[in-house]
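Asks: Below are the structure tokens for one structure; questions will follow.
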Amino acid sequence: MAETETDIPKMKPRPIVRLGLFLMSHSLLASIVCCSAGVLALLLLPVLAKNTYISENALMPGSANPMLSNQDIVQANKLAEDLSDLDFKSAETAGIQRRRLIAQYISNLGAEASYHKFHPPMNRFHPLHFFATPDSEMIEGSTNCSIYGVNMVGIIRAPRGDGKEAIVLVTPYNFGRSSQGETLSLSIAFSVFSLLTRVTWLAKDIIWLVADAQFGEYPPVAAWLRDYHTPAFGSFGTLGAEMCCKTYNIYELEQDSIEQRNLTDGLKRAGTMAAALVINVADKNEPFEDSLGMYVEASNGQMPNLDLINIVNYLAVHRQGLRVKVEKFWSLLGSKWLKILGEVFESLGEVAKSLNPQWKFGIPAADYVEGTATLVSSLYYQALGIPTGAHGAFRDFQVDAITLEISPRVSSTNKGRRNEFLLRGGRLIEGVIRSVNNLLEKFHQSFFLYLLTSPSKFVSVGVYMIPFALLVAPLPLVAASLYADGNSKNLSPQNGKSTSSTTVAADELGITFRSWKWLNAARKVFVVHVWGAIVSLLPYFISQIPDCSPEYRFGIWVIFSLLVLLILYFILGFQLPLAQVSRYEKGEWAILKSVTISAVFIGLCLMSVINFATAEIGALLMVPTCLLACPLKLDTEACNLKSVTRMVTNLVLVTLSFPPVAFFVLKGVVEGHDGSNVGDFWIWVESLWAWNSATYLYMGMVHLPCWVLCLHVLLHSC
Amino acid sequence: MHGEEQKVLGMDDSISDFEAHFDLFPKEAQSIHSPRSLDSSHQPSSPYVSNTVYLSNKLNFQFPVSDSLLNFPNVCLLTVVAEGYWLKQQSMSPYAGSMYHGSPLLLSVLGPLTVKRIEGQPDHLLCSLLLVLADIISAILIRATGKILQMAYRQSLDSLNLLQASKSSDFLSSGDVAALVYLWNPLTIVACVAQSTSPIENLAIILSLFGACKRLVPLAAFGWVVATHLSLYPAILIIPVILLLGSGPDAPPRKLFLQRGCEKFGDSSSNDSHRPRMEVSPSKLPIAFSWRSLIHFLLWTSLWSVYVLFLCSVLVRPYGGLLEMFKRTYGFMLTVEDLSPNIGVLWYFFAEVFDFFRNFFLIVFHMNILFMIIPLAIRLNHRPCFLAFVYIALSSMLKSYPSVGDSALCLGLLALFVDQLADMQFSFFLFCGYVGVSLLSPAMHNLWIWRGTGNANFYFATAMAYACFQIILVVESVSATLNHDRKLRKLSASKLGDGKS
């Protein structure tokens, strides 16, 4: 009777289910193949990188001759000299005088000048910054009235424009005590600005922001952008600024000057920003030739449109003859195994070429090593989620921006040499502005999602998603197969026992909730994720403790997290009534592992949308750990070669994927092992949350909980 | 700060006030586009709403992520109700602003509450409290419905002599589970936080189901009329409601009872098996379809609808009468005019489709729902409550402006059938899918709208995945229920076999 009952509800599964079952039954093979293919594809990325090309036809870079002449340079030099002549004892008076001087120069050119006052932001934890709109912080007034900075803003109204669009030039400048590089960058920007007041082709307004760099480069730009995009309705918007107005009066020194009447305290605006260029001149000198460094990564790994990088690169290389470089990990350049790998790829490429000359596969080994170093740095800076310069503030407002760091050749004291350098830099900026000026729409043609392997090579999203997809593909497979295993394991002893007809009946009535057994494991996973959320909030409270070394703070954090974990375990560690049956069953760890893997999968996929680089690095760490996790007790019981290797790999992987350990290992690989201590990790984490990086949230709410769950599976008493 | 905010948001500001506000700014200030207004699809059309939306974005009151976390269709947002009310206060048609497309009754109930403010509290607090209250009442009603359903289930098992078998394992109280699922469902909470009016629509639907289960004909008719009036799609629930009133709550297939009765009868007189079923002990049989309650229901329905229509006509008389109202509410729903992104799939489709095919596809998509009504009603006629769940799930998938509030309701109702669905396949898969999609879709929306690095396809992909998961949910739950029926039949047959041998 029991037989007839069990086989009736069985139907032939649908084809898609059968395909799934087939993949599930070969999940081990599939996961090994997929994971290794994923790592291999990641290593292949520098080989697969494509040359950049200018996708938007309207840009037409370099099609016009540069108009910047020596006369502009002479003007700029005059400004620089005047600025350095204003050397007062107190930095504050010098700052005020210099601002006035710049304002005067701008007004003399016929442009509008205005001041913008801001308060430096406090380090604030804003975990949902990713979702929140960028101007939300302004409301929660935080300001210390005595500390403020003043930006200078100059605006050229375009003769041919409708005032709806603008291009922004930013030069960070410390008005109080400026370095030589800052003065040079100011000179470059001023020479271009003075040229642009005279040209007839301008269709977009030009905004020149001299950002007050006394609190760093990023905060003044961010503050200005926030105020620029927050039009004040009535007196509402200015409330924040008015609060401290008594301490501030920029005109107090000279009330009656005619120029001052043109200055307005209110923020002047132009139109929507089409693009922004941040100009820096490095203080350090280059040994051989003038060079241009590009910094592009904004918050959470967002990049400006590739076209902006392309035109800068094109103009710098082909018109001005600058050497363009992007950041790379120098330590990787000397690495032996990378070189060997590059040679292998090179020879493979040659073999491919000999088979079919059409196949253009493979690059020289040296290029490969360099490309990898750049790629790794590109990945790293995207993954950090911390903007690499003042351009980061623009990306939060959907403005494409880039920082240009121009480094002069040695001996810039020579005046002729200096003028030549200014001319080169100025013409580069002029060319870029002229190209952007041609734009009819905002940048949209080219890529937003890419990784750079050199200034002129990139890996687009379609290519770099492949390694990631291959890496995470085994996760759902293994989760499904474990889930099925765990269920069937529980089923078989029950079927064996059920001889009496009543239990069969109960079974058949379907009140055993076999298919809902995962709820218990899901609850555990949920509790651990709640723990993760609590733990990621802890640093905020810990940072409030005064006078505390980073090591000490890290210690407090560890103790508190363990405490919270214990509390949650005891409070919520009870079992759900409906899952009580399955408590001591064999497959419990399998179901738990399956739910964990599903959580990792969802978390990684989510992170790959928010910040791809974080997800890629996280997947490299987390996927093998999750896939291999298996109770140590089973391995010790089995005690053969296979289980011992599995046990050792498990232990190594779990140790490696613990965030602090991973941090130190990576740091050791990249920078060498000198003097890294626990405090470094804490400082790193604090910088992550101070910059509202999504990576921080990933670590706290995906990586750490899943690591704990893996550990739980390892220590499971099955 | 609050004073200022109120000034800008204030209902007593007339349109000219707004213009004055804008005129305060120099030309260059006006030309600024904030990043969020760069995309055209998201741009609200009337000055009031653009201001409110803008300010609510800026102030981020309530919840920092509310605007990008979910894309509620404009038809069901409280801010839209506020706009309609404001227009009405200016003695203009509430539909003049092109944003409000709800019922005039909702306007006169919720409208005054949108204006009332408590000092120092966020806007719309009273309204939000009303929504919370609606959710809580819904949960209570779901619990009561679950109780009724479970009792009926026990009774029918008892009459099939299967109760002893099932007593060995304890019943979960399905009403409690369902009420908890409804209340703690993140989707319900999100719908409430986003201040959508879907809790009220859900309440009307649940009210009608509860009334039908409890056999309170006027209540059932009232719930159905109000639900239909508010969002049109619940109109298809008339079939399950009639079935519920006519033949009682969910039970195993009627054939089973007949079989059982016949077998019993066959034992006593073996040669005559074609006895009418009335001769079998009547208490153990489900009641036959009662035409009386159907007629009662129809009477009450017509009464309530005449009443509702009368109230509406009084309210909209100055603004073009009932015809205009139908055009602006039901017409707006049926013709899918608003193509701003939501979690459904229709906005994308109708944004892409050629204009001359539009009517054709409108008919196709709406027929899609109607086609499924009859077959499902025939197959599941012994389980009217479950049938109602299936209808709600289908319409929440195929309606023109779906929101997460609809799927909150449908997941809540799903939990009413824990006993039947205990062996549902793919439950874990579906759970992961729902979690994944509900996390991914705000991220994709953010990528598209706020960061500008993605495009509409990113978000639409999650909408499609969501629709797929809902389809799987419906298919699996229906097949689990049918399997459950099959099992009962087997069991009852084996019981009979035991009895004979």
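Residue names in the structure tokens use chain letters A, B, ... in the order shown, residue numbers from 1 in each chain, and ligand numbers from 1 in the order shown.
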I need the helix (DSSP H, G or I) residues of region 96-334 of chain B per DSSP on the backbone, written as a PyMOL selection string.
Replies: chain B and resi 96-97+104-115+125-159+163-167+174-184+186-193+198-214+217-231+233-247+254-268+277-279+282-284+291-319+321-334
Asks: Please identify all polymer residues within 12 Å of Gly454 (chain B), counting only C-alpha atoms, omitting same-chain residues fewer than 2 positions from it, and present them as a list in words.
Replies: Gln302, Asn305, Gln398, His444, Ser446, Phe447, Phe448, Leu449, Val461, Val609 and Ile610 of chain A; Ala443, Met444, His445, Asn446, Leu447, Trp448, Ile449, Trp450, Arg451, Gly452, Ala456, Asn457, Phe458, Tyr459, Phe460 and Ala461 of chain B
Asks: Those same residues, written as a PDB file, in the first residue's frame with C-alpha atoms?
Replies:
```
ATOM      1  CA  GLN A 302      32.142  55.162 -10.556  1.00  0.00           C
ATOM      2  CA  ASN A 305      32.578  58.590 -19.411  1.00  0.00           C
ATOM      3  CA  GLN A 398      26.249  62.902 -12.745  1.00  0.00           C
ATOM      4  CA  HIS A 444      26.551  59.198 -23.197  1.00  0.00           C
ATOM      5  CA  SER A 446      31.003  55.772 -24.651  1.00  0.00           C
ATOM      6  CA  PHE A 447      31.354  53.505 -21.651  1.00  0.00           C
ATOM      7  CA  PHE A 448      30.750  54.325 -18.036  1.00  0.00           C
ATOM      8  CA  LEU A 449      31.636  50.871 -16.794  1.00  0.00           C
ATOM      9  CA  VAL A 461      31.815  45.809 -18.873  1.00  0.00           C
ATOM     10  CA  VAL A 609      25.863  46.187  -9.660  1.00  0.00           C
ATOM     11  CA  ILE A 610      26.850  48.731  -7.054  1.00  0.00           C
TER      12      ILE A 610
ATOM     13  CA  ALA B 443      20.134  49.168  -7.069  1.00  0.00           C
ATOM     14  CA  MET B 444      19.372  48.943 -10.766  1.00  0.00           C
ATOM     15  CA  HIS B 445      16.977  51.840 -10.532  1.00  0.00           C
ATOM     16  CA  ASN B 446      19.647  53.856  -8.795  1.00  0.00           C
ATOM     17  CA  LEU B 447      22.139  52.989 -11.512  1.00  0.00           C
ATOM     18  CA  TRP B 448      19.744  54.139 -14.165  1.00  0.00           C
ATOM     19  CA  ILE B 449      18.107  57.217 -12.691  1.00  0.00           C
ATOM     20  CA  TRP B 450      20.538  58.700 -10.211  1.00  0.00           C
ATOM     21  CA  ARG B 451      23.952  57.636 -11.346  1.00  0.00           C
ATOM     22  CA  GLY B 452      23.239  57.680 -15.040  1.00  0.00           C
ATOM     23  CA  ALA B 456      16.238  51.353 -18.628  1.00  0.00           C
ATOM     24  CA  ASN B 457      17.106  47.774 -19.570  1.00  0.00           C
ATOM     25  CA  PHE B 458      18.928  47.275 -16.284  1.00  0.00           C
ATOM     26  CA  TYR B 459      15.835  48.026 -14.305  1.00  0.00           C
ATOM     27  CA  PHE B 460      13.506  46.288 -16.703  1.00  0.00           C
ATOM     28  CA  ALA B 461      15.555  43.112 -16.335  1.00  0.00           C
TER      29      ALA B 461
END
```
Asks: Find the distance between CA of Leu440 (chain B) and CA of Trp689 (chain A) and write it in Å to one decimal.
Replies: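 The value is 22.3 Å.
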Asks: Taking into account only C-alpha atoms, which residue in the set B:Gly497, B:Gly436, B:Pro384, B:Pro112 is nearest to chain A?
Replies: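 Between B:Gly497, B:Gly436, B:Pro384, B:Pro112, the residue approaching chain A most closely is B:Gly436.
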Asks: Report as a list of chain:residue names all protein, DNA and RNA residues lying within 7 Å of region 372-379 of chain A, evaluated on only C-alpha atoms, omitting residues in the same chain fewer than 2 positions from it.
Replies: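 In the requested form, the answer reads A:Pro46, A:Glu327, A:Lys328, A:Phe329, A:Trp330, A:Leu332, A:Leu333, A:Tyr368, A:Val369, A:Glu370, A:Tyr381, A:Gln382, A:Ala383, A:Leu451, A:Leu452, A:Thr453, A:Ser454, A:Ala613.
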Asks: Find the residue from A:Leu565, A:Leu109, A:Val600, A:Ile188 that sits nearest to Leu422 (chain A); use only C-alpha atoms when measuring.
Replies: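 Using only C-alpha atoms, Leu422 (chain A) sits closest to A:Ile188.
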Asks: Work out how far apart CA of Ala480 (chain A) and CA of Ser25 (chain A) are and give it in Å to one decimal.
Replies: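 These atoms are spaced 9.6 Å apart.
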